[in-house]
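Here is the structure we will look at.
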Amino acid sequence: MITSKLHELYLKSNGVSTDTRKITKNSIFFSLKGKNFDGNEYALEALNNGAKYAVIDNKNLNNPNFIKVNNVLESLQKLSLFHRTKLINTIFIAITGSNGKTTTKELVHSVLSQKYKAKSTHGNLNNHIGVPLTLLNIKEDTDFAVVEMGANHIGEIKFLTNLIKPDLGYITNFGKAHLEGFGGFEGVIKGKSELYDWLLENKKPILINTNDKIQSDYINSKSITFGLNNNSKYIFKKDDSENFVLLNYNNIKIKSNLIGDYNLNNIGAAVSLGLHFKLDIKSIKKAIQNYTPNNNRSQLLNIKDKKIILDAYNANPTSMQLAIESFIKLSGKKILILGDMFELGLYTKEEHLKLIKQLEKINIKTYFVGKEFYKLKKQSNMFSFFKTKKDVTTKISKNRIREKNILIKGSRGMKMETILDYIK
């Protein structure tokens, strides 16, 4: 009962807020808890900052505009699910995967927006809080909602999928990401596949990249397939004539502003969904060509005479390998500046050492940055190891990088983009 009444108030409001510093006037504030804070303590501040109501679970607090519930987070999730069930005219597309899900989500949104009213996950609000906020941002007149799902343990995708109730889904890939939470690569496959399991159970279509052998078991009569294989519904050809990813469909070249061969599949997924939903190829091409990456994802930057690929939003063993394989194809002298990979748990030493040994075979100049790489310093005398970013920036400041091509990559916590300030 509380959910339906709360939904009535939500429909009359200007949406929901979870941060008192970013209150939307006449919104409903949800007093969420974190490791180091209790949102209940800020409920009154939220009202003073313009919120119409504050949802709290501290029964000792009193105010006419407080809405008391047993659990604020659960109430937010239940409200988003209730709201989702009312959006019967909106087509929901759910996207997850180890790498490339945010870029794919943005590309799909860009394509669909050429013809339809589309909304998508803002930034990377893709978890148990972000997905409910995304759902509550969808209005009845929205044609398509492209929702990104992130996860770091088994069961999370299943939970989020049950909130979204997608009409179609896509897994970008299965990679060695969040190995600590998933318990290994097999756990990653099982966890991400919870999306496909739900779609099959509910007889919904799945977008499948036929280049990915792991996903082939999920192909059925409802599948929408794409890839470089002739047995795909949408067949693409790769074009290596430029540094930016270039895709060929039916002899039509679709140029992007993305760097790295791994983005070929991200673009292919967006083009395929555009074609599936009856967009003409000219509109799709325009959408892809107008999309520019940001937030340190596969960005090509030019600093004086240097070409820098900044891919520092995140990193895991799979994305590192793909980025390196693409980078080494560039002509001219090259250097890698690679930061630690996080959330690998028991696989931390093994995966960092694998990367070092892989690069020994390639024999490319590399700066390894971070305590995990630094622990393995004695394992190789071919590269430079730096315990902290300050150590590597000091080196760069004193000894100017002369290589023309630079790849900077590392996990988000490393904030590798700050190294740009020292490159001359």
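Here's how to read the names in the structure tokens: chain A, B, ... by the order shown, residue numbers from 1 in each chain, ligand numbers from 1 in the order shown.
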Report task. Write down as JSON, numbers by chain the residues of stretch 169-264 of chain A whose backbone DSSP state falls under strand (DSSP E or B). Result -> {"A": [169, 170, 171, 206, 207, 208, 209, 224, 225, 226, 227, 234, 235, 237, 238, 239, 244, 245, 246, 247, 248, 249, 252, 253, 254, 255, 256, 257, 258, 259]}
Quick one: contact table of stretch 32-79 of chain A to stretch 108-128 of chain A, 10 Å max, nearest atom pair and distance in Å to one decimal per residue, counting only C-alpha atoms, chain and number order, as a Markdown table?
| residue | atom | partner | partner_atom | distance |
| --- | --- | --- | --- | --- |
| A:Leu73 | CA | A:His128 | CA | 8.8 |
| A:Glu74 | CA | A:His128 | CA | 9.7 |
| A:Leu76 | CA | A:His128 | CA | 9.8 |
| A:Gln77 | CA | A:His128 | CA | 7.8 |
Output file for the residues above (all heavy atoms, as a PDB file, in the first residue's frame):
ATOM      1  N   LEU A  73      16.111   2.079   1.190  1.00  0.00           N
ATOM      2  CA  LEU A  73      16.614   1.530  -0.073  1.00  0.00           C
ATOM      3  C   LEU A  73      15.579   0.601  -0.703  1.00  0.00           C
ATOM      4  O   LEU A  73      15.302   0.692  -1.906  1.00  0.00           O
ATOM      5  CB  LEU A  73      17.919   0.780   0.150  1.00  0.00           C
ATOM      6  CG  LEU A  73      18.506   0.061  -1.074  1.00  0.00           C
ATOM      7  CD1 LEU A  73      18.737   1.034  -2.220  1.00  0.00           C
ATOM      8  CD2 LEU A  73      19.800  -0.662  -0.704  1.00  0.00           C
ATOM      9  N   GLU A  74      14.996  -0.284   0.085  1.00  0.00           N
ATOM     10  CA  GLU A  74      13.985  -1.200  -0.444  1.00  0.00           C
ATOM     11  C   GLU A  74      12.773  -0.430  -0.968  1.00  0.00           C
ATOM     12  O   GLU A  74      12.176  -0.820  -1.975  1.00  0.00           O
ATOM     13  CB  GLU A  74      13.561  -2.193   0.636  1.00  0.00           C
ATOM     14  CG  GLU A  74      14.613  -3.247   0.936  1.00  0.00           C
ATOM     15  CD  GLU A  74      14.139  -4.251   1.971  1.00  0.00           C
ATOM     16  OE1 GLU A  74      12.946  -4.196   2.377  1.00  0.00           O
ATOM     17  OE2 GLU A  74      14.956  -5.094   2.388  1.00  0.00           O
ATOM     18  N   LEU A  76      12.827   2.576  -2.264  1.00  0.00           N
ATOM     19  CA  LEU A  76      13.237   3.169  -3.543  1.00  0.00           C
ATOM     20  C   LEU A  76      13.155   2.122  -4.650  1.00  0.00           C
ATOM     21  O   LEU A  76      12.645   2.394  -5.746  1.00  0.00           O
ATOM     22  CB  LEU A  76      14.659   3.709  -3.428  1.00  0.00           C
ATOM     23  CG  LEU A  76      15.276   4.276  -4.714  1.00  0.00           C
ATOM     24  CD1 LEU A  76      14.529   5.519  -5.172  1.00  0.00           C
ATOM     25  CD2 LEU A  76      16.764   4.580  -4.513  1.00  0.00           C
ATOM     26  N   GLN A  77      13.639   0.929  -4.362  1.00  0.00           N
ATOM     27  CA  GLN A  77      13.624  -0.150  -5.356  1.00  0.00           C
ATOM     28  C   GLN A  77      12.206  -0.584  -5.697  1.00  0.00           C
ATOM     29  O   GLN A  77      11.869  -0.790  -6.870  1.00  0.00           O
ATOM     30  CB  GLN A  77      14.447  -1.332  -4.830  1.00  0.00           C
ATOM     31  CG  GLN A  77      15.940  -1.011  -4.737  1.00  0.00           C
ATOM     32  CD  GLN A  77      16.723  -2.011  -3.913  1.00  0.00           C
ATOM     33  OE1 GLN A  77      16.151  -2.782  -3.123  1.00  0.00           O
ATOM     34  NE2 GLN A  77      18.038  -2.027  -4.062  1.00  0.00           N
TER      35      GLN A  77
END
Query raised in the report: Neighbours of A:Ser216 within 12 Å (only C-alpha atoms; same-chain residues fewer than 3 positions away dropped), as a VMD selection string?
Result: chain A and resid 171 173 196 206 to 213 219 to 220 223 to 227 231 to 232
Report task. As a PyMOL selection string, please: all residues of stretch 102-339 of chain A that backbone DSSP puts in helix (DSSP H, G or I). Result -> chain A and resi 102-112+130-135+156-164+179-182+185-192+194-201+213-218+263-276+281-290+317-327
Report task. Using only C-alpha atoms, determine which residues lie at most 8 Å from stretch 366-377 of chain A, disregarding the query and same-chain residues fewer than 6 positions distant; provide the list as a list in words. Result ->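 These residues fall inside the cut-off: Ile335, Leu336, Ile337, Leu338, Gly339, Asp340, Thr348, Lys349, His352, Leu353, Phe383, Ser384, Phe385, Phe386, Lys387, Thr388, Lys389, Val392 and Met414 of chain A.
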Requested in this report: Identify, on the basis of only C-alpha atoms, every residue whose closest approach to stretch 401-406 of chain A does not exceed 7 Å; exclude the query and any residue fewer than 4 positions from it along the same chain; express the result as a VMD selection string.
Outcome: chain A and resid 305 to 309 332 to 336 396
Report task. Measure the distance from atom CA of A:Lys365 to atom CA of A:Ile328 in Å and round it to one decimal. Result -> 10.9 Å
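With distances restricted to only C-alpha atoms, A:Lys165 is the closest residue to A:Glu201 from A:Lys233, A:Lys105, A:Lys86, A:Lys165.
Restricting the calculation to only C-alpha atoms, the smallest distance between A:Gln299 and any of A:Lys378, A:Lys409, A:Lys222, A:Lys190 is found for A:Lys409.
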Query raised in the report: Which one is closest to A:Tyr313: A:Leu136, A:Val69, A:Leu346, A:Ile408? Count only C-alpha atoms.
Result: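 Selected residue with least distance to A:Tyr313: A:Ile408.
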Nearby residues (only C-alpha atoms) at most 8 Å from A:Gly413, same-chain spacing under 2 positions excluded, as a PDB file with N, CA, C and O atoms, in the first residue's frame:
ATOM      1  N   PHE A 342      42.101  -3.260 -10.141  1.00  0.00           N
ATOM      2  CA  PHE A 342      41.491  -3.500  -8.830  1.00  0.00           C
ATOM      3  C   PHE A 342      40.468  -4.640  -8.874  1.00  0.00           C
ATOM      4  O   PHE A 342      40.086  -5.125  -9.930  1.00  0.00           O
ATOM      5  N   SER A 411      42.805   1.128 -13.468  1.00  0.00           N
ATOM      6  CA  SER A 411      41.501   1.106 -12.804  1.00  0.00           C
ATOM      7  C   SER A 411      41.129   2.502 -12.316  1.00  0.00           C
ATOM      8  O   SER A 411      41.988   3.361 -12.103  1.00  0.00           O
ATOM      9  N   LYS A 415      43.107   6.770 -11.001  1.00  0.00           N
ATOM     10  CA  LYS A 415      42.976   8.126 -11.566  1.00  0.00           C
ATOM     11  C   LYS A 415      44.162   8.461 -12.467  1.00  0.00           C
ATOM     12  O   LYS A 415      44.825   9.497 -12.327  1.00  0.00           O
TER      13      LYS A 415
END
**Report entry** Exercise: stretch 20-35 of chain A partners within 9 Å, only C-alpha atoms, chain neighbours under 4 positions left out, as an MDAnalysis selection string
**Finding:** chainID A and resid 9:10 12:16 39:43 45:47 49:57 71:73 75:76
Report task. Determine the nearest neighbour of A:Thr85 from the options A:Asn58, A:Gln321, A:Asn230, A:Asn162, counting only C-alpha atoms. Result ->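 Checking each of A:Asn58, A:Gln321, A:Asn230, A:Asn162 against A:Thr85, counting only C-alpha atoms, the winner is A:Asn162.
The space separating atom CA of A:Phe185 from atom CA of A:Ser98 comes to 10.6 Å.
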Requested in this report: Could you check which of A:Ile235, A:Gly181, A:Asn314, A:Asn251 is closest to A:Leu275, using only C-alpha atoms?
Outcome: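 Of the candidates, the smallest distance to A:Leu275 is held by A:Ile235.
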